[in-house]
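Text of model.pdb (PDB, C-alpha atoms and all ligand atoms) as supplied:
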```pdb
ATOM      1  CA  MET A  46      31.029  16.154  -7.687  1.00  0.00           C
ATOM      2  CA  ILE A  47      28.514  13.622  -8.943  1.00  0.00           C
ATOM      3  CA  THR A  48      28.466  10.375  -6.964  1.00  0.00           C
ATOM      4  CA  PRO A  49      26.266   7.286  -7.399  1.00  0.00           C
ATOM      5  CA  PRO A  50      23.219   7.433  -5.094  1.00  0.00           C
ATOM      6  CA  GLU A  51      23.286   5.525  -1.800  1.00  0.00           C
ATOM      7  CA  VAL A  52      20.534   4.830   0.713  1.00  0.00           C
ATOM      8  CA  GLN A  53      20.840   4.040   4.412  1.00  0.00           C
ATOM      9  CA  GLY A  54      18.795   1.104   5.721  1.00  0.00           C
ATOM     10  CA  PRO A  55      17.047   1.203   9.104  1.00  0.00           C
ATOM     11  CA  ASP A  56      19.962  -0.734  10.654  1.00  0.00           C
ATOM     12  CA  GLY A  57      22.514   1.843   9.430  1.00  0.00           C
ATOM     13  CA  ARG A  58      23.790  -0.242   6.512  1.00  0.00           C
ATOM     14  CA  ILE A  59      24.557   1.784   3.362  1.00  0.00           C
ATOM     15  CA  TYR A  60      23.249   0.475   0.038  1.00  0.00           C
ATOM     16  CA  ARG A  61      24.409   1.537  -3.407  1.00  0.00           C
ATOM     17  CA  VAL A  62      21.114   2.135  -5.248  1.00  0.00           C
ATOM     18  CA  GLY A  63      20.326  -0.362  -8.018  1.00  0.00           C
ATOM     19  CA  THR A  64      17.229  -0.651 -10.182  1.00  0.00           C
ATOM     20  CA  LEU A  65      14.191   1.471  -9.354  1.00  0.00           C
ATOM     21  CA  TYR A  66      11.136  -0.655 -10.131  1.00  0.00           C
ATOM     22  CA  CYS A  67       7.858   1.283 -10.260  1.00  0.00           C
ATOM     23  CA  ILE A  68       4.283   0.015 -10.154  1.00  0.00           C
ATOM     24  CA  GLY A  69       1.480   1.633 -12.144  1.00  0.00           C
ATOM     25  CA  ARG A  70      -2.144   1.797 -10.932  1.00  0.00           C
ATOM     26  CA  ASN A  71      -1.850  -0.111  -7.657  1.00  0.00           C
ATOM     27  CA  TYR A  72      -4.747   1.749  -5.980  1.00  0.00           C
ATOM     28  CA  ARG A  73      -8.340   1.642  -7.265  1.00  0.00           C
ATOM     29  CA  ASN A  74      -8.994   5.337  -6.571  1.00  0.00           C
ATOM     30  CA  HIS A  75      -5.924   6.394  -8.606  1.00  0.00           C
ATOM     31  CA  ALA A  76      -6.874   4.153 -11.569  1.00  0.00           C
ATOM     32  CA  ARG A  77     -10.275   5.868 -11.444  1.00  0.00           C
ATOM     33  CA  GLU A  78      -8.834   9.410 -11.437  1.00  0.00           C
ATOM     34  CA  MET A  79      -6.631   8.487 -14.451  1.00  0.00           C
ATOM     35  CA  ASP A  80      -9.679   7.043 -16.271  1.00  0.00           C
ATOM     36  CA  ALA A  81      -7.825   3.735 -16.604  1.00  0.00           C
ATOM     37  CA  PRO A  82      -8.926   0.171 -15.797  1.00  0.00           C
ATOM     38  CA  VAL A  83      -7.813  -1.640 -12.631  1.00  0.00           C
ATOM     39  CA  PRO A  84      -5.033  -4.016 -13.788  1.00  0.00           C
ATOM     40  CA  GLU A  85      -5.220  -7.813 -13.430  1.00  0.00           C
ATOM     41  CA  HIS A  86      -1.437  -8.131 -13.077  1.00  0.00           C
ATOM     42  CA  PRO A  87       1.081  -5.624 -11.693  1.00  0.00           C
ATOM     43  CA  ILE A  88       2.157  -2.982 -14.238  1.00  0.00           C
ATOM     44  CA  VAL A  89       5.927  -2.635 -13.873  1.00  0.00           C
ATOM     45  CA  PHE A  90       8.214   0.032 -15.295  1.00  0.00           C
ATOM     46  CA  SER A  91      11.567   1.383 -14.142  1.00  0.00           C
ATOM     47  CA  LYS A  92      13.613   4.459 -13.453  1.00  0.00           C
ATOM     48  CA  SER A  93      17.384   4.790 -13.527  1.00  0.00           C
ATOM     49  CA  PRO A  94      19.168   4.973 -10.139  1.00  0.00           C
ATOM     50  CA  ALA A  95      20.432   8.336 -11.453  1.00  0.00           C
ATOM     51  CA  ALA A  96      16.891   9.691 -10.848  1.00  0.00           C
ATOM     52  CA  LEU A  97      17.102   9.227  -7.076  1.00  0.00           C
ATOM     53  CA  THR A  98      17.246  12.152  -4.627  1.00  0.00           C
ATOM     54  CA  GLN A  99      16.827  12.415  -0.877  1.00  0.00           C
ATOM     55  CA  GLY A 100      16.603  16.209  -1.108  1.00  0.00           C
ATOM     56  CA  PRO A 101      16.087  18.566   0.538  1.00  0.00           C
ATOM     57  CA  ASP A 102      16.182  20.687  -2.660  1.00  0.00           C
ATOM     58  CA  ILE A 103      14.350  19.398  -5.731  1.00  0.00           C
ATOM     59  CA  TYR A 104      15.087  21.224  -8.974  1.00  0.00           C
ATOM     60  CA  LEU A 105      12.269  20.783 -11.497  1.00  0.00           C
ATOM     61  CA  PRO A 106      12.867  20.912 -15.225  1.00  0.00           C
ATOM     62  CA  PRO A 107      11.621  24.350 -16.344  1.00  0.00           C
ATOM     63  CA  GLU A 108       8.328  25.057 -18.122  1.00  0.00           C
ATOM     64  CA  VAL A 109       6.823  21.580 -17.867  1.00  0.00           C
ATOM     65  CA  ASN A 110       3.929  19.956 -16.004  1.00  0.00           C
ATOM     66  CA  VAL A 111       5.484  17.858 -13.199  1.00  0.00           C
ATOM     67  CA  HIS A 112       3.056  15.734 -11.161  1.00  0.00           C
ATOM     68  CA  HIS A 113       3.704  14.317  -7.687  1.00  0.00           C
ATOM     69  CA  GLU A 114       2.841  10.668  -7.003  1.00  0.00           C
ATOM     70  CA  LEU A 115       3.223   9.746  -3.317  1.00  0.00           C
ATOM     71  CA  GLU A 116       4.272   6.117  -2.853  1.00  0.00           C
ATOM     72  CA  ILE A 117       5.502   3.568  -0.336  1.00  0.00           C
ATOM     73  CA  VAL A 118       9.032   2.549  -1.337  1.00  0.00           C
ATOM     74  CA  VAL A 119      10.559  -0.875  -0.618  1.00  0.00           C
ATOM     75  CA  LEU A 120      14.318  -1.126  -0.059  1.00  0.00           C
ATOM     76  CA  ILE A 121      15.583  -4.581  -1.046  1.00  0.00           C
ATOM     77  CA  GLY A 122      18.290  -5.944   1.267  1.00  0.00           C
ATOM     78  CA  LYS A 123      19.089  -9.394  -0.156  1.00  0.00           C
ATOM     79  CA  PRO A 124      19.536 -10.866  -3.634  1.00  0.00           C
ATOM     80  CA  GLY A 125      16.866 -13.208  -4.943  1.00  0.00           C
ATOM     81  CA  ARG A 126      15.043 -14.700  -7.909  1.00  0.00           C
ATOM     82  CA  ASN A 127      11.765 -16.646  -8.185  1.00  0.00           C
ATOM     83  CA  ILE A 128      10.815 -15.525  -4.672  1.00  0.00           C
ATOM     84  CA  SER A 129       7.536 -16.910  -3.314  1.00  0.00           C
ATOM     85  CA  VAL A 130       4.974 -14.562  -1.743  1.00  0.00           C
ATOM     86  CA  THR A 131       5.618 -16.163   1.651  1.00  0.00           C
ATOM     87  CA  ALA A 132       9.417 -15.717   1.338  1.00  0.00           C
ATOM     88  CA  ALA A 133       9.175 -12.128   0.025  1.00  0.00           C
ATOM     89  CA  GLU A 134       9.335 -10.455   3.445  1.00  0.00           C
ATOM     90  CA  GLY A 135      12.806 -11.967   3.889  1.00  0.00           C
ATOM     91  CA  VAL A 136      14.403  -9.800   1.177  1.00  0.00           C
ATOM     92  CA  ILE A 137      13.034  -6.470   2.485  1.00  0.00           C
ATOM     93  CA  ALA A 138      15.598  -4.227   4.235  1.00  0.00           C
ATOM     94  CA  GLY A 139      13.030  -1.562   5.093  1.00  0.00           C
ATOM     95  CA  LEU A 140      10.256   0.696   3.838  1.00  0.00           C
ATOM     96  CA  GLY A 141      10.199   4.415   3.144  1.00  0.00           C
ATOM     97  CA  LEU A 142       8.010   6.911   1.362  1.00  0.00           C
ATOM     98  CA  GLY A 143       8.773   8.698  -1.853  1.00  0.00           C
ATOM     99  CA  LEU A 144       7.580  10.656  -4.830  1.00  0.00           C
ATOM    100  CA  ASP A 145       7.459   9.221  -8.337  1.00  0.00           C
ATOM    101  CA  LEU A 146       7.672  12.563 -10.181  1.00  0.00           C
ATOM    102  CA  THR A 147       6.175  12.468 -13.642  1.00  0.00           C
ATOM    103  CA  LEU A 148       6.223  14.825 -16.637  1.00  0.00           C
ATOM    104  CA  ARG A 149       2.507  14.245 -17.143  1.00  0.00           C
ATOM    105  CA  ASP A 150       2.012  15.999 -20.496  1.00  0.00           C
ATOM    106  CA  LEU A 151       5.040  14.292 -22.028  1.00  0.00           C
ATOM    107  CA  GLN A 152       3.910  10.928 -20.618  1.00  0.00           C
ATOM    108  CA  SER A 153       0.454  11.380 -22.203  1.00  0.00           C
ATOM    109  CA  GLU A 154       2.120  12.232 -25.516  1.00  0.00           C
ATOM    110  CA  PHE A 155       4.299   9.093 -25.390  1.00  0.00           C
ATOM    111  CA  LYS A 156       1.305   6.935 -24.383  1.00  0.00           C
ATOM    112  CA  ALA A 157      -0.756   8.260 -27.302  1.00  0.00           C
ATOM    113  CA  LYS A 158       2.064   7.471 -29.732  1.00  0.00           C
ATOM    114  CA  GLY A 159       2.731   4.035 -28.200  1.00  0.00           C
ATOM    115  CA  LEU A 160       6.306   5.077 -27.335  1.00  0.00           C
ATOM    116  CA  PRO A 161       8.314   4.241 -24.185  1.00  0.00           C
ATOM    117  CA  TRP A 162       7.658   6.879 -21.493  1.00  0.00           C
ATOM    118  CA  PHE A 163      11.131   6.638 -19.891  1.00  0.00           C
ATOM    119  CA  ARG A 164      12.061  10.309 -20.447  1.00  0.00           C
ATOM    120  CA  SER A 165       8.848  11.431 -18.725  1.00  0.00           C
ATOM    121  CA  LYS A 166       9.539   9.226 -15.681  1.00  0.00           C
ATOM    122  CA  SER A 167      13.311   8.987 -15.244  1.00  0.00           C
ATOM    123  CA  PHE A 168      14.666  12.536 -15.316  1.00  0.00           C
ATOM    124  CA  HIS A 169      17.096  14.112 -12.804  1.00  0.00           C
ATOM    125  CA  GLN A 170      15.598  14.085  -9.247  1.00  0.00           C
ATOM    126  CA  SER A 171      12.382  12.367 -10.408  1.00  0.00           C
ATOM    127  CA  ALA A 172      12.567   9.703  -7.674  1.00  0.00           C
ATOM    128  CA  VAL A 173      12.338  11.326  -4.242  1.00  0.00           C
ATOM    129  CA  LEU A 174      12.977   9.151  -1.180  1.00  0.00           C
ATOM    130  CA  THR A 175      12.529   9.746   2.579  1.00  0.00           C
ATOM    131  CA  SER A 176      14.386   8.014   5.389  1.00  0.00           C
ATOM    132  CA  ILE A 177      13.787   4.252   5.664  1.00  0.00           C
ATOM    133  CA  LEU A 178      11.929   2.573   8.564  1.00  0.00           C
ATOM    134  CA  PRO A 179      11.864  -1.123   9.481  1.00  0.00           C
ATOM    135  CA  ALA A 180       9.159  -3.032   7.577  1.00  0.00           C
ATOM    136  CA  ASN A 181       7.592  -4.192  10.856  1.00  0.00           C
ATOM    137  CA  ASP A 182       7.269  -0.649  12.247  1.00  0.00           C
ATOM    138  CA  PRO A 183       3.674  -0.344  13.569  1.00  0.00           C
ATOM    139  CA  ARG A 184       3.292   3.016  11.778  1.00  0.00           C
ATOM    140  CA  TRP A 185       2.888   1.195   8.454  1.00  0.00           C
ATOM    141  CA  LYS A 186      -0.689   0.451   9.558  1.00  0.00           C
ATOM    142  CA  GLU A 187      -1.400   4.206   9.682  1.00  0.00           C
ATOM    143  CA  ASN A 188      -2.155   6.660   6.872  1.00  0.00           C
ATOM    144  CA  TYR A 189       0.807   8.025   4.943  1.00  0.00           C
ATOM    145  CA  TRP A 190       0.562  11.513   3.493  1.00  0.00           C
ATOM    146  CA  LEU A 191       1.969  14.371   1.423  1.00  0.00           C
ATOM    147  CA  GLU A 192       1.448  17.996   2.474  1.00  0.00           C
ATOM    148  CA  ILE A 193       2.209  20.904   0.162  1.00  0.00           C
ATOM    149  CA  ASP A 194       2.569  24.298   1.886  1.00  0.00           C
ATOM    150  CA  GLY A 195       0.708  22.905   4.895  1.00  0.00           C
ATOM    151  CA  LYS A 196      -2.213  21.420   2.926  1.00  0.00           C
ATOM    152  CA  ARG A 197      -2.698  17.643   2.771  1.00  0.00           C
ATOM    153  CA  VAL A 198      -2.952  16.696  -0.915  1.00  0.00           C
ATOM    154  CA  GLN A 199      -2.419  12.911  -0.904  1.00  0.00           C
ATOM    155  CA  GLU A 200      -3.134  10.275   1.699  1.00  0.00           C
ATOM    156  CA  GLY A 201      -3.035   6.484   1.452  1.00  0.00           C
ATOM    157  CA  ARG A 202      -2.953   3.250   3.389  1.00  0.00           C
ATOM    158  CA  MET A 203      -0.764   0.278   2.617  1.00  0.00           C
ATOM    159  CA  HIS A 204      -3.829  -1.888   3.185  1.00  0.00           C
ATOM    160  CA  ASP A 205      -5.488  -0.414   0.048  1.00  0.00           C
ATOM    161  CA  MET A 206      -2.869  -1.648  -2.437  1.00  0.00           C
ATOM    162  CA  ILE A 207      -4.338  -3.884  -5.153  1.00  0.00           C
ATOM    163  CA  PHE A 208      -1.107  -5.929  -5.185  1.00  0.00           C
ATOM    164  CA  PRO A 209       0.535  -5.977  -1.728  1.00  0.00           C
ATOM    165  CA  VAL A 210       4.294  -5.564  -1.312  1.00  0.00           C
ATOM    166  CA  THR A 211       4.956  -9.315  -0.972  1.00  0.00           C
ATOM    167  CA  GLU A 212       3.052 -10.048  -4.207  1.00  0.00           C
ATOM    168  CA  LEU A 213       4.970  -7.305  -6.052  1.00  0.00           C
ATOM    169  CA  ILE A 214       8.318  -8.731  -4.920  1.00  0.00           C
ATOM    170  CA  SER A 215       7.309 -12.252  -5.920  1.00  0.00           C
ATOM    171  CA  ASP A 216       5.937 -11.103  -9.299  1.00  0.00           C
ATOM    172  CA  ILE A 217       8.987  -9.007 -10.281  1.00  0.00           C
ATOM    173  CA  SER A 218      11.378 -11.750  -9.136  1.00  0.00           C
ATOM    174  CA  GLN A 219       9.848 -14.170 -11.657  1.00  0.00           C
ATOM    175  CA  PHE A 220      11.271 -12.124 -14.557  1.00  0.00           C
ATOM    176  CA  SER A 221      14.197 -10.252 -12.959  1.00  0.00           C
ATOM    177  CA  ALA A 222      16.723 -10.853 -10.173  1.00  0.00           C
ATOM    178  CA  PHE A 223      16.758  -8.555  -7.146  1.00  0.00           C
ATOM    179  CA  PHE A 224      19.958  -7.165  -5.657  1.00  0.00           C
ATOM    180  CA  PRO A 225      20.547  -5.273  -2.391  1.00  0.00           C
ATOM    181  CA  GLY A 226      19.874  -1.579  -2.988  1.00  0.00           C
ATOM    182  CA  ASP A 227      17.060  -2.114  -5.495  1.00  0.00           C
ATOM    183  CA  LEU A 228      13.960  -0.054  -4.762  1.00  0.00           C
ATOM    184  CA  ILE A 229      10.286  -0.616  -5.565  1.00  0.00           C
ATOM    185  CA  TYR A 230       7.995   2.425  -5.870  1.00  0.00           C
ATOM    186  CA  THR A 231       4.717   0.655  -5.152  1.00  0.00           C
ATOM    187  CA  GLY A 232       2.172   2.958  -6.820  1.00  0.00           C
ATOM    188  CA  THR A 233       0.260   6.083  -5.828  1.00  0.00           C
ATOM    189  CA  PRO A 234      -3.147   6.616  -4.231  1.00  0.00           C
ATOM    190  CA  GLU A 235      -5.454   9.322  -5.628  1.00  0.00           C
ATOM    191  CA  GLY A 236      -4.679  13.031  -5.504  1.00  0.00           C
ATOM    192  CA  VAL A 237      -1.814  13.346  -7.983  1.00  0.00           C
ATOM    193  CA  GLY A 238      -1.266  16.915  -9.147  1.00  0.00           C
ATOM    194  CA  PRO A 239       1.210  19.536 -10.363  1.00  0.00           C
ATOM    195  CA  LEU A 240       4.182  20.965  -8.430  1.00  0.00           C
ATOM    196  CA  ARG A 241       5.353  24.562  -8.566  1.00  0.00           C
ATOM    197  CA  VAL A 242       8.639  26.282  -7.770  1.00  0.00           C
ATOM    198  CA  GLY A 243       8.708  27.644  -4.213  1.00  0.00           C
ATOM    199  CA  GLN A 244       6.516  24.968  -2.628  1.00  0.00           C
ATOM    200  CA  GLU A 245       7.434  23.186   0.615  1.00  0.00           C
ATOM    201  CA  LEU A 246       6.643  19.461   0.700  1.00  0.00           C
ATOM    202  CA  ARG A 247       6.313  17.331   3.835  1.00  0.00           C
ATOM    203  CA  ILE A 248       5.987  13.560   3.618  1.00  0.00           C
ATOM    204  CA  GLY A 249       5.055  11.440   6.617  1.00  0.00           C
ATOM    205  CA  ILE A 250       3.096   8.628   8.186  1.00  0.00           C
ATOM    206  CA  GLY A 251       0.735   8.846  11.160  1.00  0.00           C
ATOM    207  CA  LYS A 252       1.966  11.774  13.247  1.00  0.00           C
ATOM    208  CA  ASP A 253       5.562  11.578  12.020  1.00  0.00           C
ATOM    209  CA  GLU A 254       7.369  13.447   9.253  1.00  0.00           C
ATOM    210  CA  LEU A 255       9.819  11.278   7.278  1.00  0.00           C
ATOM    211  CA  GLY A 256      11.049  13.911   4.829  1.00  0.00           C
ATOM    212  CA  ARG A 257      10.812  17.620   3.982  1.00  0.00           C
ATOM    213  CA  TYR A 258      11.654  19.092   0.565  1.00  0.00           C
ATOM    214  CA  TRP A 259      11.696  22.383  -1.266  1.00  0.00           C
ATOM    215  CA  ILE A 260      10.781  22.764  -4.931  1.00  0.00           C
ATOM    216  CA  ARG A 261      13.370  24.972  -6.638  1.00  0.00           C
TER     217      ARG A 261
HETATM  218 ZN    ZN B   1       3.923   6.132  -9.673  1.00  0.00          ZN
END
```
Could you express the structure from this file as structure tokens?
Ligand code: ZN
Amino acid sequence: MITPPEVQGPDGRIYRVGTLYCIGRNYRNHAREMDAPVPEHPIVFSKSPAALTQGPDIYLPPEVNVHHELEIVVLIGKPGRNISVTAAEGVIAGLGLGLDLTLRDLQSEFKAKGLPWFRSKSFHQSAVLTSILPANDPRWKENYWLEIDGKRVQEGRMHDMIFPVTELISDISQFSAFFPGDLIYTGTPEGVGPLRVGQELRIGIGKDELGRYWIR
């Protein structure tokens, strides 16, 4: 049976998943590896809630180039519009980690033609999410990471974001209202690359694993 995706907050509350906001180029080293300029304002796009998965099995579309993008994910816990940077922390229910999976070749094709890249970003299971921790958990000061078959392929620090979480919330809330269960994929550090069937993925922060997935 197909049911709408839900996410559990750190306090046990269950949220029906709403809009998945995603941020492009929020780390200097990733902008560099994509040969793209560092943005002056947040680049915002979206995925459908239908794209969300918490695993453990991730079924890739066949015969295409799927890239992993490891990201910190914000779970919104309260509604809000026109939220100031200082008030932004108040709407956060918790933070997790996730993968913004991307059909890279198709995305490049859409970009070159000036077409919307939605199909390359919002396909089935293209938004992977780990368990959610409180936003004030001390581990958010440590490095977060993605390991594929035991090898660390991406590593980042929240501190290195060009636009911090509170600025992203404030910026998005100027043009769109937030509702509980909305998610923000906050952008990837460097090290994006292709996935292959059979791989085992571990996502964690500091010494702790937050999620483990198998590519099918
Ligand atoms: Zn991304």
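Our summary of the geometry notes that atom CA of Leu97 of chain A is positioned 19.9 Å from atom CA of Leu151 of chain A.
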Hey, which residues sit close to ligand ZN 1 (chain B)? Say within 6 Å, counting all atoms listed in the file, and write them as an mmCIF file with C-alpha atoms, in the frame of the given file.
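Below is the file pocket-v2.cif, written as the result:
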```cif
data_model
loop_
_atom_site.group_PDB
_atom_site.id
_atom_site.type_symbol
_atom_site.label_atom_id
_atom_site.label_comp_id
_atom_site.auth_asym_id
_atom_site.auth_seq_id
_atom_site.Cartn_x
_atom_site.Cartn_y
_atom_site.Cartn_z
ATOM 1 C CA GLY A 69 1.480 1.633 -12.144
ATOM 2 C CA GLU A 114 2.841 10.668 -7.003
ATOM 3 C CA ASP A 145 7.459 9.221 -8.337
ATOM 4 C CA GLY A 232 2.172 2.958 -6.820
ATOM 5 C CA THR A 233 0.260 6.083 -5.828
#
```
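Atom CA of Pro50 of chain A is positioned 27.7 Å from atom CA of Ala132 of chain A.
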| note | note - atom CA of Tyr189 of chain A and atom CA of Val237 of chain A are separated by 14.2 Å
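Excluding Gly143 of chain A itself and same-chain residues fewer than 5 positions from it, the residues having an atom within 9 Å of it are A:Gln99, A:Glu114, A:Leu115, A:Glu116, A:Ile117, A:Val118, A:Ala172, A:Val173, A:Leu174, A:Thr175, A:Tyr230, A:Ile248, A:Gly256, counting only C-alpha atoms.
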| request: Measuring atom to atom with only C-alpha atoms, identify which of A:Ser176, A:Gln244, A:Ser153, A:Thr48 is nearest to Met79 of chain A. | output: A:Ser153
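Considering the residues A:Pro106, A:Gly139, A:Pro94, A:Gly125 and counting only C-alpha atoms, Cys67 of chain A has its shortest atom-to-atom contact with A:Pro94.
Using all atoms listed in the file, the smallest distance between any of A:Leu105, A:Ala81, A:Leu213, A:Ile250 and Ile128 of chain A comes from A:Leu213.
The smallest atom-to-atom distance between Met203 of chain A and any of A:Phe155, A:Trp190, A:Phe220, A:Tyr60, using only C-alpha atoms, is found for A:Trp190.
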| message | Report as a list in words all protein, DNA and RNA residues lying within 8 Å of Arg61 of chain A, evaluated on all atoms listed in the file, omitting residues in the same chain fewer than 5 positions from it. | response | Pro49, Pro50, Glu51, Val52, Pro225 and Gly226 of chain A
| Selection dump of the PyMOL selection byres (((chain A and resi 211) around 10) and not hetatm), as a VMD selection string | chain A and resid 128 to 137 208 to 210 212 to 216
